[in-house]
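Have a look at input.pdb; it's PDB, C-alpha atoms:
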ATOM      1  CA  GLN D   1      44.601   2.805 -54.890  1.00  0.00           C
ATOM      2  CA  VAL D   2      42.394   5.649 -53.755  1.00  0.00           C
ATOM      3  CA  GLN D   3      38.659   5.465 -53.205  1.00  0.00           C
ATOM      4  CA  LEU D   4      36.502   8.568 -53.473  1.00  0.00           C
ATOM      5  CA  VAL D   5      32.913   8.664 -52.267  1.00  0.00           C
ATOM      6  CA  GLU D   6      30.771  11.700 -53.050  1.00  0.00           C
ATOM      7  CA  SER D   7      27.595  12.768 -51.322  1.00  0.00           C
ATOM      8  CA  GLY D   8      25.356  15.799 -51.064  1.00  0.00           C
ATOM      9  CA  GLY D   9      23.830  16.083 -54.510  1.00  0.00           C
ATOM     10  CA  GLY D  10      20.146  16.586 -55.092  1.00  0.00           C
ATOM     11  CA  LEU D  11      17.417  18.802 -56.465  1.00  0.00           C
ATOM     12  CA  VAL D  12      17.353  22.487 -55.569  1.00  0.00           C
ATOM     13  CA  GLN D  13      15.623  25.584 -56.882  1.00  0.00           C
ATOM     14  CA  ALA D  14      17.550  28.312 -58.641  1.00  0.00           C
ATOM     15  CA  GLY D  15      19.192  30.586 -56.106  1.00  0.00           C
ATOM     16  CA  GLY D  16      19.522  27.799 -53.587  1.00  0.00           C
ATOM     17  CA  SER D  17      22.570  26.109 -52.102  1.00  0.00           C
ATOM     18  CA  LEU D  18      24.053  22.644 -51.825  1.00  0.00           C
ATOM     19  CA  ARG D  19      27.216  21.265 -50.273  1.00  0.00           C
ATOM     20  CA  LEU D  20      28.977  18.328 -51.853  1.00  0.00           C
ATOM     21  CA  SER D  21      31.353  16.135 -49.880  1.00  0.00           C
ATOM     22  CA  CYS D  22      34.056  13.781 -51.100  1.00  0.00           C
ATOM     23  CA  ALA D  23      35.551  11.326 -48.632  1.00  0.00           C
ATOM     24  CA  ALA D  24      38.903   9.878 -49.671  1.00  0.00           C
ATOM     25  CA  SER D  25      40.495   6.663 -48.444  1.00  0.00           C
ATOM     26  CA  GLY D  26      43.381   4.393 -49.372  1.00  0.00           C
ATOM     27  CA  ARG D  27      46.820   5.458 -50.605  1.00  0.00           C
ATOM     28  CA  LEU D  28      46.594   9.167 -49.831  1.00  0.00           C
ATOM     29  CA  PHE D  29      50.142  10.180 -48.927  1.00  0.00           C
ATOM     30  CA  SER D  30      51.072  11.209 -52.470  1.00  0.00           C
ATOM     31  CA  ILE D  31      47.778  12.878 -53.402  1.00  0.00           C
ATOM     32  CA  ASN D  32      48.680  16.507 -54.102  1.00  0.00           C
ATOM     33  CA  ARG D  33      45.444  17.852 -55.473  1.00  0.00           C
ATOM     34  CA  MET D  34      41.736  17.219 -55.246  1.00  0.00           C
ATOM     35  CA  GLY D  35      38.913  18.784 -57.105  1.00  0.00           C
ATOM     36  CA  TRP D  36      35.434  18.713 -58.521  1.00  0.00           C
ATOM     37  CA  TYR D  37      34.483  18.268 -62.149  1.00  0.00           C
ATOM     38  CA  ARG D  38      31.050  18.210 -63.714  1.00  0.00           C
ATOM     39  CA  GLN D  39      29.479  16.826 -66.829  1.00  0.00           C
ATOM     40  CA  ALA D  40      26.167  17.961 -68.218  1.00  0.00           C
ATOM     41  CA  PRO D  41      24.260  15.907 -70.813  1.00  0.00           C
ATOM     42  CA  GLY D  42      25.864  16.211 -74.237  1.00  0.00           C
ATOM     43  CA  LYS D  43      28.822  18.172 -72.893  1.00  0.00           C
ATOM     44  CA  GLN D  44      32.405  17.381 -71.984  1.00  0.00           C
ATOM     45  CA  ARG D  45      33.501  16.976 -68.401  1.00  0.00           C
ATOM     46  CA  GLU D  46      34.862  20.274 -67.093  1.00  0.00           C
ATOM     47  CA  LEU D  47      36.809  21.441 -64.078  1.00  0.00           C
ATOM     48  CA  VAL D  48      34.696  23.228 -61.485  1.00  0.00           C
ATOM     49  CA  ALA D  49      37.187  23.776 -58.669  1.00  0.00           C
ATOM     50  CA  ARG D  50      40.484  22.369 -57.451  1.00  0.00           C
ATOM     51  CA  ILE D  51      42.536  22.614 -54.275  1.00  0.00           C
ATOM     52  CA  THR D  52      46.170  21.622 -53.921  1.00  0.00           C
ATOM     53  CA  SER D  53      48.050  20.263 -50.941  1.00  0.00           C
ATOM     54  CA  GLY D  54      49.353  23.794 -50.485  1.00  0.00           C
ATOM     55  CA  ASP D  55      45.779  25.120 -50.360  1.00  0.00           C
ATOM     56  CA  THR D  56      45.980  26.846 -53.714  1.00  0.00           C
ATOM     57  CA  THR D  57      42.518  26.973 -55.230  1.00  0.00           C
ATOM     58  CA  THR D  58      41.365  27.229 -58.827  1.00  0.00           C
ATOM     59  CA  TYR D  59      37.830  27.891 -60.047  1.00  0.00           C
ATOM     60  CA  ALA D  60      36.071  27.837 -63.365  1.00  0.00           C
ATOM     61  CA  ASP D  61      35.058  31.354 -64.381  1.00  0.00           C
ATOM     62  CA  SER D  62      31.415  30.295 -64.407  1.00  0.00           C
ATOM     63  CA  VAL D  63      31.424  29.492 -60.668  1.00  0.00           C
ATOM     64  CA  LYS D  64      33.750  32.150 -59.247  1.00  0.00           C
ATOM     65  CA  GLY D  65      32.114  34.021 -56.402  1.00  0.00           C
ATOM     66  CA  ARG D  66      29.406  31.367 -56.006  1.00  0.00           C
ATOM     67  CA  PHE D  67      31.263  28.122 -55.244  1.00  0.00           C
ATOM     68  CA  THR D  68      33.905  27.481 -52.595  1.00  0.00           C
ATOM     69  CA  ILE D  69      36.146  24.442 -52.336  1.00  0.00           C
ATOM     70  CA  SER D  70      37.634  23.476 -48.992  1.00  0.00           C
ATOM     71  CA  ARG D  71      39.071  20.472 -47.242  1.00  0.00           C
ATOM     72  CA  ASP D  72      39.280  18.852 -43.830  1.00  0.00           C
ATOM     73  CA  ASN D  73      42.567  16.984 -43.631  1.00  0.00           C
ATOM     74  CA  ALA D  74      41.592  15.216 -40.414  1.00  0.00           C
ATOM     75  CA  LYS D  75      38.610  13.674 -42.201  1.00  0.00           C
ATOM     76  CA  ASN D  76      40.293  13.257 -45.604  1.00  0.00           C
ATOM     77  CA  THR D  77      37.314  15.057 -47.051  1.00  0.00           C
ATOM     78  CA  VAL D  78      36.931  17.781 -49.648  1.00  0.00           C
ATOM     79  CA  TYR D  79      33.841  19.957 -49.851  1.00  0.00           C
ATOM     80  CA  LEU D  80      32.232  22.064 -52.523  1.00  0.00           C
ATOM     81  CA  GLN D  81      29.890  24.710 -51.181  1.00  0.00           C
ATOM     82  CA  MET D  82      27.619  25.829 -54.000  1.00  0.00           C
ATOM     83  CA  ASN D  83      25.574  28.999 -53.547  1.00  0.00           C
ATOM     84  CA  SER D  84      23.342  30.984 -55.889  1.00  0.00           C
ATOM     85  CA  LEU D  85      22.828  27.912 -58.010  1.00  0.00           C
ATOM     86  CA  LYS D  86      21.652  28.316 -61.582  1.00  0.00           C
ATOM     87  CA  PRO D  87      19.907  25.860 -63.923  1.00  0.00           C
ATOM     88  CA  GLU D  88      23.108  25.731 -65.964  1.00  0.00           C
ATOM     89  CA  ASP D  89      24.861  24.209 -62.949  1.00  0.00           C
ATOM     90  CA  THR D  90      22.818  21.060 -63.481  1.00  0.00           C
ATOM     91  CA  ALA D  91      25.215  18.168 -64.068  1.00  0.00           C
ATOM     92  CA  VAL D  92      26.766  15.075 -62.576  1.00  0.00           C
ATOM     93  CA  TYR D  93      29.539  16.230 -60.268  1.00  0.00           C
ATOM     94  CA  TYR D  94      32.627  14.061 -59.909  1.00  0.00           C
ATOM     95  CA  CYS D  95      35.311  14.159 -57.256  1.00  0.00           C
ATOM     96  CA  ASN D  96      38.873  13.866 -58.515  1.00  0.00           C
ATOM     97  CA  ALA D  97      42.217  13.217 -56.854  1.00  0.00           C
ATOM     98  CA  GLY D  98      45.643  13.443 -58.455  1.00  0.00           C
ATOM     99  CA  ASP D  99      48.660  11.404 -57.388  1.00  0.00           C
ATOM    100  CA  ARG D 100      51.973  13.230 -57.857  1.00  0.00           C
ATOM    101  CA  LEU D 101      54.090  10.075 -57.708  1.00  0.00           C
ATOM    102  CA  LEU D 102      52.010   7.627 -59.748  1.00  0.00           C
ATOM    103  CA  HIS D 103      50.830  10.333 -62.170  1.00  0.00           C
ATOM    104  CA  VAL D 104      47.290   8.997 -62.138  1.00  0.00           C
ATOM    105  CA  ASP D 105      43.894  10.480 -61.460  1.00  0.00           C
ATOM    106  CA  TYR D 106      41.183   8.868 -59.395  1.00  0.00           C
ATOM    107  CA  TRP D 107      37.480   9.512 -59.790  1.00  0.00           C
ATOM    108  CA  GLY D 108      34.405   9.110 -57.668  1.00  0.00           C
ATOM    109  CA  GLN D 109      31.169   7.626 -58.934  1.00  0.00           C
ATOM    110  CA  GLY D 110      29.514  11.009 -59.369  1.00  0.00           C
ATOM    111  CA  THR D 111      26.572  12.723 -57.734  1.00  0.00           C
ATOM    112  CA  GLN D 112      23.689  14.370 -59.568  1.00  0.00           C
ATOM    113  CA  VAL D 113      22.962  18.050 -59.015  1.00  0.00           C
ATOM    114  CA  THR D 114      19.754  19.367 -60.556  1.00  0.00           C
ATOM    115  CA  VAL D 115      18.795  23.038 -60.371  1.00  0.00           C
ATOM    116  CA  SER D 116      15.241  23.877 -61.329  1.00  0.00           C
ATOM    117  CA  SER D 117      14.225  27.285 -62.680  1.00  0.00           C
TER     118      SER D 117
END

Transcribe the structure of this file into structure tokens.
Amino acid sequence: QVQLVESGGGLVQAGGSLRLSCAASGRLFSINRMGWYRQAPGKQRELVARITSGDTTTYADSVKGRFTISRDNAKNTVYLQMNSLKPEDTAVYYCNAGDRLLHVDYWGQGTQVTVSS
């Protein structure tokens, strides 16, 4: 089992910045990717950014150039730096981890990000 705990959400004005953190614990040796998803009211959950164990990153087109995903292996933590935030970035952001051996995904409890115009 893997536990994911997110932090760093909140309310920010358009154009502002936030940094989300996701601390992972538990059975981590076979986790080969971690990422951030978001879900706005009435919409499907969507991928925001992902980073693999080889440091390959993937971003949604809507956040490219504004968001940066990174990780600190010593702290088992993944970060999402969000700059130039827009009202359309408002959503619950979820941390995700994928296990390459068990073929399962783990999810955090979510953290609310609200961007006011």

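One finds atom CA of D:Glu46 at 23.7 Å from atom CA of D:Leu101.
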
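The space between atom CA of D:Tyr59 and atom CA of D:Gln3 spans 23.5 Å.
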
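You can rank D:Arg33, D:Lys43, D:Lys64, D:Arg71 by their closest distance to D:Val104 using all atoms listed in the file, and at the top of that list sits D:Arg33.
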
Legend entry - Computed interatomic separation between atom CA of D:Val92 and atom CA of D:Asn73 (Å): 24.7 Å

How big is the axis-aligned box around all listed atoms of stretch 45-51 of chain D once 4 Å goes on each side, and where's its centre, in Å to one decimal, as AutoDock Vina command-line options?
--center_x 38.0 --center_y 20.4 --center_z -61.3 --size_x 17.0 --size_y 14.8 --size_z 22.1

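Of the listed residues (D:Ile69, D:Ala74, D:Ala97, D:Leu85), D:Leu85 comes nearest to D:Gly10; the distances count all atoms listed in the file.
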
Inset, instruction - Convert the output of the PyMOL selection byres ((chain D and resi 90) around 6) on the shown file into explicit residues, formatted as a VMD selection string. - result: chain D and resid 87 to 89 91 113 to 115

Please produce a file of the residues just selected, as a PDB file, in the frame of the given file, where the atoms kept are C-alpha atoms.
ATOM      1  CA  PRO D  87      19.907  25.860 -63.923  1.00  0.00           C
ATOM      2  CA  GLU D  88      23.108  25.731 -65.964  1.00  0.00           C
ATOM      3  CA  ASP D  89      24.861  24.209 -62.949  1.00  0.00           C
ATOM      4  CA  ALA D  91      25.215  18.168 -64.068  1.00  0.00           C
ATOM      5  CA  VAL D 113      22.962  18.050 -59.015  1.00  0.00           C
ATOM      6  CA  THR D 114      19.754  19.367 -60.556  1.00  0.00           C
ATOM      7  CA  VAL D 115      18.795  23.038 -60.371  1.00  0.00           C
TER       8      VAL D 115
END

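Within 12 Å of the file-frame point (48.0, 4.2, -48.6), and using all atoms listed in the file, the polymer residues found are D:Gln1, D:Val2, D:Gln3, D:Ala24, D:Ser25, D:Gly26, D:Arg27, D:Leu28, D:Phe29, D:Ser30, D:Ile31, D:Asp99.
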
Residues of stretch 48-92 of chain D at most 9 Å from stretch 14-22 of chain D: nearest atom pair and distance in Å, all atoms listed in the file, as a tab-separated table:
residue	atom	partner	partner_atom	distance
D:Asn76	CA	D:Cys22	CA	8.3
D:Thr77	CA	D:Cys22	CA	5.4
D:Val78	CA	D:Cys22	CA	5.1
D:Tyr79	CA	D:Ser21	CA	4.6
D:Leu80	CA	D:Leu20	CA	5.0
D:Gln81	CA	D:Arg19	CA	4.5
D:Met82	CA	D:Leu18	CA	5.3
D:Asn83	CA	D:Ser17	CA	4.4
D:Ser84	CA	D:Gly15	CA	4.2
D:Leu85	CA	D:Gly15	CA	4.9
D:Lys86	CA	D:Ala14	CA	5.0
D:Pro87	CA	D:Ala14	CA	6.3

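Proximity ranking of D:Glu6, D:Thr111, D:Leu11, D:Arg100 relative to D:Thr52 places D:Arg100 first, based on all atoms listed in the file.
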
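Compared by their closest atoms to D:Tyr106, and using only C-alpha atoms, the residues D:Ser7, D:Ala49, D:Asp61, D:Tyr94 rank with D:Tyr94 nearest.
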
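Neighbours of D:Tyr37 closer than or equal to 7 Å, with all atoms listed in the file counted and sequence neighbours fewer than 6 positions away skipped, come out as Arg45, Glu46, Leu47, Val48, Tyr93, Tyr94 and Cys95 of chain D.
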